[in-house]
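Q: The structure under discussion is supplied below as structure tokens; questions concerning it will follow.
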Amino acid sequence: MLNRRHLRVKVMQTLYAFSLSEDKHIKDFEKALLISVDEVNQMYIWTLNLLDEVAEYVLIDAEGRANKFLPTEKDKVYTTKLNSNTFIESLRQNRTYLENVKKYNVSWTFDPEIVRSIFAELKESEEYLAYLKQDDRSIAVEKDIVKYIFKKIILKSPEIEQVFETKFINWPVDKEVLQAMIAKTFKNFSSENPVQNKLADLTPNWDEDSEFIIDLLKQTIRYGTEYQEMISVKTKNWEADRIALVDNLLMRMAICELINFPTIPVKVTINEYIELSKAFSTAKSNTFINGILDKILADLTDQRRIQKQGRGLKD
């Protein structure tokens, strides 16, 4: 699922687009931010549906083998067991999954070769042959082959990587979140009763998290000039064009959190933006940002602008 760090990345990306755009209507970027978050859920549903489609492909494969004039001994080993896989059947009965497939208009028919190629690779694996021979149909055992398809075939396929990169602009960043959501789904699907099995949540608490990202975006834009002035005062010895735009955006976001989000500890805010700078900016940005934010934090503390609620939140 998307944690607060992932959500901060979404806000940073939206602020970056806002900074480069001639369109300065905040509402447009609020909408873009929410769409960016929702795309992670879309990606998740598309992936679950791909697993579903691969399982169903055994019926097409079986039909092709049945039409053979002389079936081989190996042909006789293959069955349609995967199509009735307990995990897959539970997924197919999940109302949230079905509603989202319809909502996002999910269908892999635009490129049937994708499903066919995944199954072709699966069919030649020792893991699949072992699965066909096992008698245990419990969901705990049955989902192992589905895990194998996801981890060893889908995630390692350059063709599927290309499809997701084309469909989802933030795929390189969101891929990690997708893997976590699929792993959570395997964990959640532990009951033989499909009604008890739940999809992974997009965030721990969407009501709170959606309010957090919208407020962070709006406040950072609204007070951007003031926050940038604080940064400029502390970077007088630096040429303005030498400071990366991402560094400025991360520092503005950090200042915004320090001042306007009373329940987020100071230490958490500082550490989060240092970590984000390591991932999204230059090699020395984390040290630079740490130093500037420390100075700004000292000023804000002296001015009593840091109003945190709860013990230890100012530390």
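Every chain in the structure tokens has a letter given in the order shown (A, B, ...), and although residue numbers restart at 1 in each chain, ligands are simply numbered from 1 in the order shown.
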Report as an NGL selection string: the residues of region 159-309 of chain A with a DSSP assignment of helix (DSSP H, G or I), based on the backbone of this structure.

A: :A and (159-167 or 171-188 or 194-196 or 206-222 or 224-234 or 240-242 or 245-260 or 266-280 or 285-302)

Q: Could you make a table, as CSV, of the residues of region 85-178 of chain A that have an atom within 8 Å of an atom of region 18-42 of chain A, each with its nearest atom pair and distance in Å to one decimal, counting only C-alpha atoms, in chain and number order?

A:
```
residue,atom,partner,partner_atom,distance
A:Asn100,CA,A:Gln42,CA,8.0
A:Tyr104,CA,A:Gln42,CA,6.7
A:Phe168,CA,A:Glu39,CA,7.1
A:Asp174,CA,A:Val40,CA,6.7
A:Val177,CA,A:Val40,CA,7.7
A:Leu178,CA,A:Val40,CA,7.1
```

Q: Using Å and a single decimal, report how far CA of Trp46 (chain A) sits from CA of Phe164 (chain A).

A: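 Between CA of Phe164 (chain A) and CA of Trp46 (chain A) the gap is 9.3 Å.
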
Q: Find the distance between CA of Phe261 (chain A) and CA of Asp241 (chain A) and write it in Å to one decimal.

A: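 If I compute the distance from CA of Phe261 (chain A) to CA of Asp241 (chain A), I get 29.9 Å.
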
Q: Determine the nearest neighbour of His6 (chain A) from the options A:Ala62, A:Leu276, A:Ile270, A:Ile259, counting only C-alpha atoms.

A: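 Looking at the shortest contact to His6 (chain A), the residue is A:Leu276.
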
Q: Could you give me, as a PyMOL selection string, the residues within 8 Å of region 131-138 of chain A, counting only C-alpha atoms and dropping anything in the same chain fewer than 4 positions from it?

A: chain A and resi 77-79+81+85-86+127+142+145+192

Q: Calculated over only C-alpha atoms, which of the candidates A:Glu211, A:Gln196, A:Lys295, A:Lys267 has the smallest distance to Thr235 (chain A)?

A: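 Residue with the minimum atom-to-atom distance to Thr235 (chain A): A:Lys295.
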
Q: When you look at Glu121 (chain A) with a cut-off of 8 Å (counting only C-alpha atoms), what residues show up, excluding the ones that are within fewer than 4 positions of it in the same chain? I need them as number ranges by chain.

A: A: 117, 125, 153

Q: Choose the residue, out of A:Ile149, A:Val11, A:Val101, A:Val115, that has the smallest atom-to-atom separation from Asp61 (chain A); count only C-alpha atoms.

A: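 Closest to Asp61 (chain A), using only C-alpha atoms: A:Val115.
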
Q: Closest to Lys10 (chain A) among A:Leu59, A:Ala200, A:Ile45, A:Leu217, using only C-alpha atoms?

A: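 Result for the nearest residue to Lys10 (chain A): A:Leu217.
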
Q: So which residues touch Phe288 (chain A) within 12 Å, counting only C-alpha atoms, skipping near sequence neighbours fewer than 2 positions away, as a PDB file with N, CA, C and O atoms, in the first residue's frame?

A:
```pdb
ATOM      1  N   ILE A 231      14.192  29.869   2.402  1.00  0.00           N
ATOM      2  CA  ILE A 231      15.287  29.074   1.831  1.00  0.00           C
ATOM      3  C   ILE A 231      16.365  29.994   1.267  1.00  0.00           C
ATOM      4  O   ILE A 231      17.562  29.786   1.481  1.00  0.00           O
ATOM      5  N   LYS A 234      18.829  31.463   3.683  1.00  0.00           N
ATOM      6  CA  LYS A 234      19.826  30.516   4.190  1.00  0.00           C
ATOM      7  C   LYS A 234      20.758  30.001   3.103  1.00  0.00           C
ATOM      8  O   LYS A 234      21.678  29.224   3.396  1.00  0.00           O
ATOM      9  N   THR A 235      20.521  30.419   1.861  1.00  0.00           N
ATOM     10  CA  THR A 235      21.376  29.936   0.763  1.00  0.00           C
ATOM     11  C   THR A 235      21.972  31.104  -0.017  1.00  0.00           C
ATOM     12  O   THR A 235      22.161  31.014  -1.229  1.00  0.00           O
ATOM     13  N   TRP A 238      24.892  30.519  -2.256  1.00  0.00           N
ATOM     14  CA  TRP A 238      24.668  29.612  -3.377  1.00  0.00           C
ATOM     15  C   TRP A 238      24.020  30.375  -4.530  1.00  0.00           C
ATOM     16  O   TRP A 238      23.151  31.198  -4.318  1.00  0.00           O
ATOM     17  N   ARG A 242      21.962  27.001  -9.220  1.00  0.00           N
ATOM     18  CA  ARG A 242      22.696  25.783  -8.874  1.00  0.00           C
ATOM     19  C   ARG A 242      21.894  24.900  -7.929  1.00  0.00           C
ATOM     20  O   ARG A 242      22.256  23.748  -7.687  1.00  0.00           O
ATOM     21  N   ILE A 243      20.819  25.426  -7.375  1.00  0.00           N
ATOM     22  CA  ILE A 243      19.980  24.636  -6.471  1.00  0.00           C
ATOM     23  C   ILE A 243      18.896  23.954  -7.305  1.00  0.00           C
ATOM     24  O   ILE A 243      18.101  24.616  -7.962  1.00  0.00           O
ATOM     25  N   ALA A 244      18.892  22.646  -7.290  1.00  0.00           N
ATOM     26  CA  ALA A 244      17.944  21.883  -8.098  1.00  0.00           C
ATOM     27  C   ALA A 244      16.505  22.224  -7.718  1.00  0.00           C
ATOM     28  O   ALA A 244      16.203  22.448  -6.545  1.00  0.00           O
ATOM     29  N   ASP A 247      15.153  20.026  -5.068  1.00  0.00           N
ATOM     30  CA  ASP A 247      15.608  20.384  -3.716  1.00  0.00           C
ATOM     31  C   ASP A 247      14.741  21.500  -3.131  1.00  0.00           C
ATOM     32  O   ASP A 247      14.337  21.437  -1.960  1.00  0.00           O
ATOM     33  N   ASN A 248      14.467  22.507  -3.942  1.00  0.00           N
ATOM     34  CA  ASN A 248      13.620  23.606  -3.471  1.00  0.00           C
ATOM     35  C   ASN A 248      12.212  23.118  -3.119  1.00  0.00           C
ATOM     36  O   ASN A 248      11.646  23.504  -2.093  1.00  0.00           O
ATOM     37  N   LEU A 250      11.280  20.067  -2.246  1.00  0.00           N
ATOM     38  CA  LEU A 250      11.319  19.227  -1.042  1.00  0.00           C
ATOM     39  C   LEU A 250      11.448  20.086   0.212  1.00  0.00           C
ATOM     40  O   LEU A 250      10.802  19.803   1.231  1.00  0.00           O
ATOM     41  N   MET A 251      12.254  21.140   0.144  1.00  0.00           N
ATOM     42  CA  MET A 251      12.408  22.012   1.315  1.00  0.00           C
ATOM     43  C   MET A 251      11.132  22.803   1.592  1.00  0.00           C
ATOM     44  O   MET A 251      10.755  22.982   2.752  1.00  0.00           O
ATOM     45  N   TYR A 273      12.161  14.020   4.270  1.00  0.00           N
ATOM     46  CA  TYR A 273      12.587  14.795   3.103  1.00  0.00           C
ATOM     47  C   TYR A 273      14.066  14.600   2.785  1.00  0.00           C
ATOM     48  O   TYR A 273      14.469  14.710   1.620  1.00  0.00           O
ATOM     49  N   ILE A 274      14.846  14.268   3.769  1.00  0.00           N
ATOM     50  CA  ILE A 274      16.234  13.888   3.502  1.00  0.00           C
ATOM     51  C   ILE A 274      16.267  12.594   2.691  1.00  0.00           C
ATOM     52  O   ILE A 274      17.011  12.470   1.710  1.00  0.00           O
ATOM     53  N   SER A 277      15.213  13.160  -0.887  1.00  0.00           N
ATOM     54  CA  SER A 277      16.263  13.808  -1.681  1.00  0.00           C
ATOM     55  C   SER A 277      17.300  12.790  -2.163  1.00  0.00           C
ATOM     56  O   SER A 277      17.855  12.920  -3.249  1.00  0.00           O
ATOM     57  N   LYS A 278      17.547  11.763  -1.358  1.00  0.00           N
ATOM     58  CA  LYS A 278      18.484  10.708  -1.766  1.00  0.00           C
ATOM     59  C   LYS A 278      17.967   9.964  -2.988  1.00  0.00           C
ATOM     60  O   LYS A 278      18.740   9.556  -3.860  1.00  0.00           O
ATOM     61  N   SER A 281      16.961  13.356  -6.016  1.00  0.00           N
ATOM     62  CA  SER A 281      17.776  14.515  -6.383  1.00  0.00           C
ATOM     63  C   SER A 281      19.246  14.116  -6.522  1.00  0.00           C
ATOM     64  O   SER A 281      19.551  12.948  -6.769  1.00  0.00           O
ATOM     65  N   THR A 282      20.136  15.069  -6.349  1.00  0.00           N
ATOM     66  CA  THR A 282      21.557  14.831  -6.610  1.00  0.00           C
ATOM     67  C   THR A 282      22.240  14.129  -5.439  1.00  0.00           C
ATOM     68  O   THR A 282      21.676  14.016  -4.349  1.00  0.00           O
ATOM     69  N   ALA A 283      23.448  13.682  -5.676  1.00  0.00           N
ATOM     70  CA  ALA A 283      24.176  12.887  -4.679  1.00  0.00           C
ATOM     71  C   ALA A 283      24.393  13.641  -3.365  1.00  0.00           C
ATOM     72  O   ALA A 283      24.398  13.040  -2.291  1.00  0.00           O
ATOM     73  N   LYS A 284      24.579  14.961  -3.457  1.00  0.00           N
ATOM     74  CA  LYS A 284      24.867  15.747  -2.251  1.00  0.00           C
ATOM     75  C   LYS A 284      23.638  16.480  -1.699  1.00  0.00           C
ATOM     76  O   LYS A 284      23.751  17.223  -0.720  1.00  0.00           O
ATOM     77  N   SER A 285      22.492  16.253  -2.307  1.00  0.00           N
ATOM     78  CA  SER A 285      21.297  16.998  -1.916  1.00  0.00           C
ATOM     79  C   SER A 285      20.871  16.734  -0.477  1.00  0.00           C
ATOM     80  O   SER A 285      20.412  17.636   0.220  1.00  0.00           O
ATOM     81  N   ASN A 286      21.022  15.483  -0.037  1.00  0.00           N
ATOM     82  CA  ASN A 286      20.553  15.159   1.318  1.00  0.00           C
ATOM     83  C   ASN A 286      21.298  15.955   2.381  1.00  0.00           C
ATOM     84  O   ASN A 286      20.705  16.459   3.343  1.00  0.00           O
ATOM     85  N   ASN A 290      19.508  18.853   4.572  1.00  0.00           N
ATOM     86  CA  ASN A 290      19.572  18.680   6.030  1.00  0.00           C
ATOM     87  C   ASN A 290      20.088  19.949   6.704  1.00  0.00           C
ATOM     88  O   ASN A 290      19.519  20.428   7.694  1.00  0.00           O
ATOM     89  N   GLY A 291      21.156  20.500   6.150  1.00  0.00           N
ATOM     90  CA  GLY A 291      21.758  21.701   6.733  1.00  0.00           C
ATOM     91  C   GLY A 291      20.826  22.910   6.671  1.00  0.00           C
ATOM     92  O   GLY A 291      20.682  23.639   7.659  1.00  0.00           O
ATOM     93  N   ILE A 292      20.181  23.110   5.528  1.00  0.00           N
ATOM     94  CA  ILE A 292      19.283  24.264   5.364  1.00  0.00           C
ATOM     95  C   ILE A 292      18.058  24.126   6.255  1.00  0.00           C
ATOM     96  O   ILE A 292      17.634  25.088   6.928  1.00  0.00           O
ATOM     97  N   LEU A 293      17.471  22.932   6.291  1.00  0.00           N
ATOM     98  CA  LEU A 293      16.273  22.728   7.111  1.00  0.00           C
ATOM     99  C   LEU A 293      16.567  22.884   8.607  1.00  0.00           C
ATOM    100  O   LEU A 293      15.729  23.383   9.359  1.00  0.00           O
ATOM    101  N   ASP A 294      17.749  22.464   9.022  1.00  0.00           N
ATOM    102  CA  ASP A 294      18.134  22.643  10.437  1.00  0.00           C
ATOM    103  C   ASP A 294      18.136  24.125  10.806  1.00  0.00           C
ATOM    104  O   ASP A 294      17.662  24.515  11.885  1.00  0.00           O
ATOM    105  N   LYS A 295      18.678  24.953   9.912  1.00  0.00           N
ATOM    106  CA  LYS A 295      18.735  26.396  10.176  1.00  0.00           C
ATOM    107  C   LYS A 295      17.332  27.012  10.172  1.00  0.00           C
ATOM    108  O   LYS A 295      17.007  27.855  11.022  1.00  0.00           O
TER     109      LYS A 295
END
```

Q: Considering only C-alpha atoms, state which residue in the set A:Ser210, A:Ser90, A:Thr203, A:Ser157 is at the smallest distance from Asn188 (chain A).

A: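 Among the listed residues, the smallest separation from Asn188 (chain A) belongs to A:Ser90.
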
Q: Neighbouring residues of Ile221 (chain A) were defined as those with any atom within 9 Å, considering only C-alpha atoms; residues of the same chain fewer than 2 positions away were excluded. Please report them as a PDB file with N, CA, C and O atoms, in the first residue's frame.

A:
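Produced file result.pdb, reproduced below:
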```pdb
ATOM      1  N   LEU A  15       3.776  18.953  -7.547  1.00  0.00           N
ATOM      2  CA  LEU A  15       4.356  20.286  -7.397  1.00  0.00           C
ATOM      3  C   LEU A  15       5.369  20.578  -8.507  1.00  0.00           C
ATOM      4  O   LEU A  15       5.463  21.713  -8.998  1.00  0.00           O
ATOM      5  N   PHE A  18       3.372  21.465 -11.479  1.00  0.00           N
ATOM      6  CA  PHE A  18       2.803  22.794 -11.265  1.00  0.00           C
ATOM      7  C   PHE A  18       3.850  23.871 -11.539  1.00  0.00           C
ATOM      8  O   PHE A  18       3.556  24.905 -12.171  1.00  0.00           O
ATOM      9  N   ILE A  26      -5.017  25.687  -9.030  1.00  0.00           N
ATOM     10  CA  ILE A  26      -4.682  24.654  -8.050  1.00  0.00           C
ATOM     11  C   ILE A  26      -5.620  23.467  -8.151  1.00  0.00           C
ATOM     12  O   ILE A  26      -5.199  22.318  -7.993  1.00  0.00           O
ATOM     13  N   LEU A 216      -1.245  19.298   1.931  1.00  0.00           N
ATOM     14  CA  LEU A 216       0.187  19.527   1.711  1.00  0.00           C
ATOM     15  C   LEU A 216       0.417  20.213   0.369  1.00  0.00           C
ATOM     16  O   LEU A 216       1.226  21.154   0.272  1.00  0.00           O
ATOM     17  N   LEU A 217      -0.292  19.785  -0.649  1.00  0.00           N
ATOM     18  CA  LEU A 217      -0.171  20.403  -1.971  1.00  0.00           C
ATOM     19  C   LEU A 217      -0.638  21.861  -1.933  1.00  0.00           C
ATOM     20  O   LEU A 217       0.088  22.773  -2.350  1.00  0.00           O
ATOM     21  N   LYS A 218      -1.835  22.090  -1.416  1.00  0.00           N
ATOM     22  CA  LYS A 218      -2.416  23.439  -1.410  1.00  0.00           C
ATOM     23  C   LYS A 218      -1.597  24.417  -0.581  1.00  0.00           C
ATOM     24  O   LYS A 218      -1.331  25.538  -1.009  1.00  0.00           O
ATOM     25  N   GLN A 219      -1.191  23.984   0.611  1.00  0.00           N
ATOM     26  CA  GLN A 219      -0.449  24.880   1.507  1.00  0.00           C
ATOM     27  C   GLN A 219       0.940  25.181   0.958  1.00  0.00           C
ATOM     28  O   GLN A 219       1.438  26.312   1.079  1.00  0.00           O
ATOM     29  N   TYR A 223       1.740  29.111   0.133  1.00  0.00           N
ATOM     30  CA  TYR A 223       2.795  29.833   0.858  1.00  0.00           C
ATOM     31  C   TYR A 223       4.174  29.611   0.230  1.00  0.00           C
ATOM     32  O   TYR A 223       5.194  29.815   0.874  1.00  0.00           O
ATOM     33  N   GLY A 224       4.170  29.184  -1.039  1.00  0.00           N
ATOM     34  CA  GLY A 224       5.425  28.867  -1.714  1.00  0.00           C
ATOM     35  C   GLY A 224       6.410  30.019  -1.742  1.00  0.00           C
ATOM     36  O   GLY A 224       7.618  29.826  -1.528  1.00  0.00           O
ATOM     37  N   THR A 225       5.924  31.229  -1.983  1.00  0.00           N
ATOM     38  CA  THR A 225       6.813  32.396  -2.050  1.00  0.00           C
ATOM     39  C   THR A 225       7.463  32.661  -0.697  1.00  0.00           C
ATOM     40  O   THR A 225       8.672  32.928  -0.614  1.00  0.00           O
ATOM     41  N   ARG A 252      10.447  23.249   0.532  1.00  0.00           N
ATOM     42  CA  ARG A 252       9.173  23.946   0.743  1.00  0.00           C
ATOM     43  C   ARG A 252       8.150  23.015   1.389  1.00  0.00           C
ATOM     44  O   ARG A 252       7.415  23.420   2.296  1.00  0.00           O
TER      45      ARG A 252
END
```

Q: Could you please determine the separation between CA of Glu272 (chain A) and CA of Asn3 (chain A) in Å, to one decimal place?

A: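 CA of Asn3 (chain A) lies at a distance of 11.6 Å from CA of Glu272 (chain A).
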
Q: Just the residues within 7 Å of Val58 (chain A), please, counting only C-alpha atoms, with nothing from its chain fewer than 5 positions along; format it as a list in words.

A: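 With the cut-off at 7 Å, the set is Thr80, Leu82 and Asn83 of chain A.
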
Q: Pick from A:Val233, A:Ala279, A:Ala140, A:Phe87: nearest to Val246 (chain A), with only C-alpha atoms counted?

A: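 The shortest atom-to-atom distance to Val246 (chain A) comes from A:Ala279.
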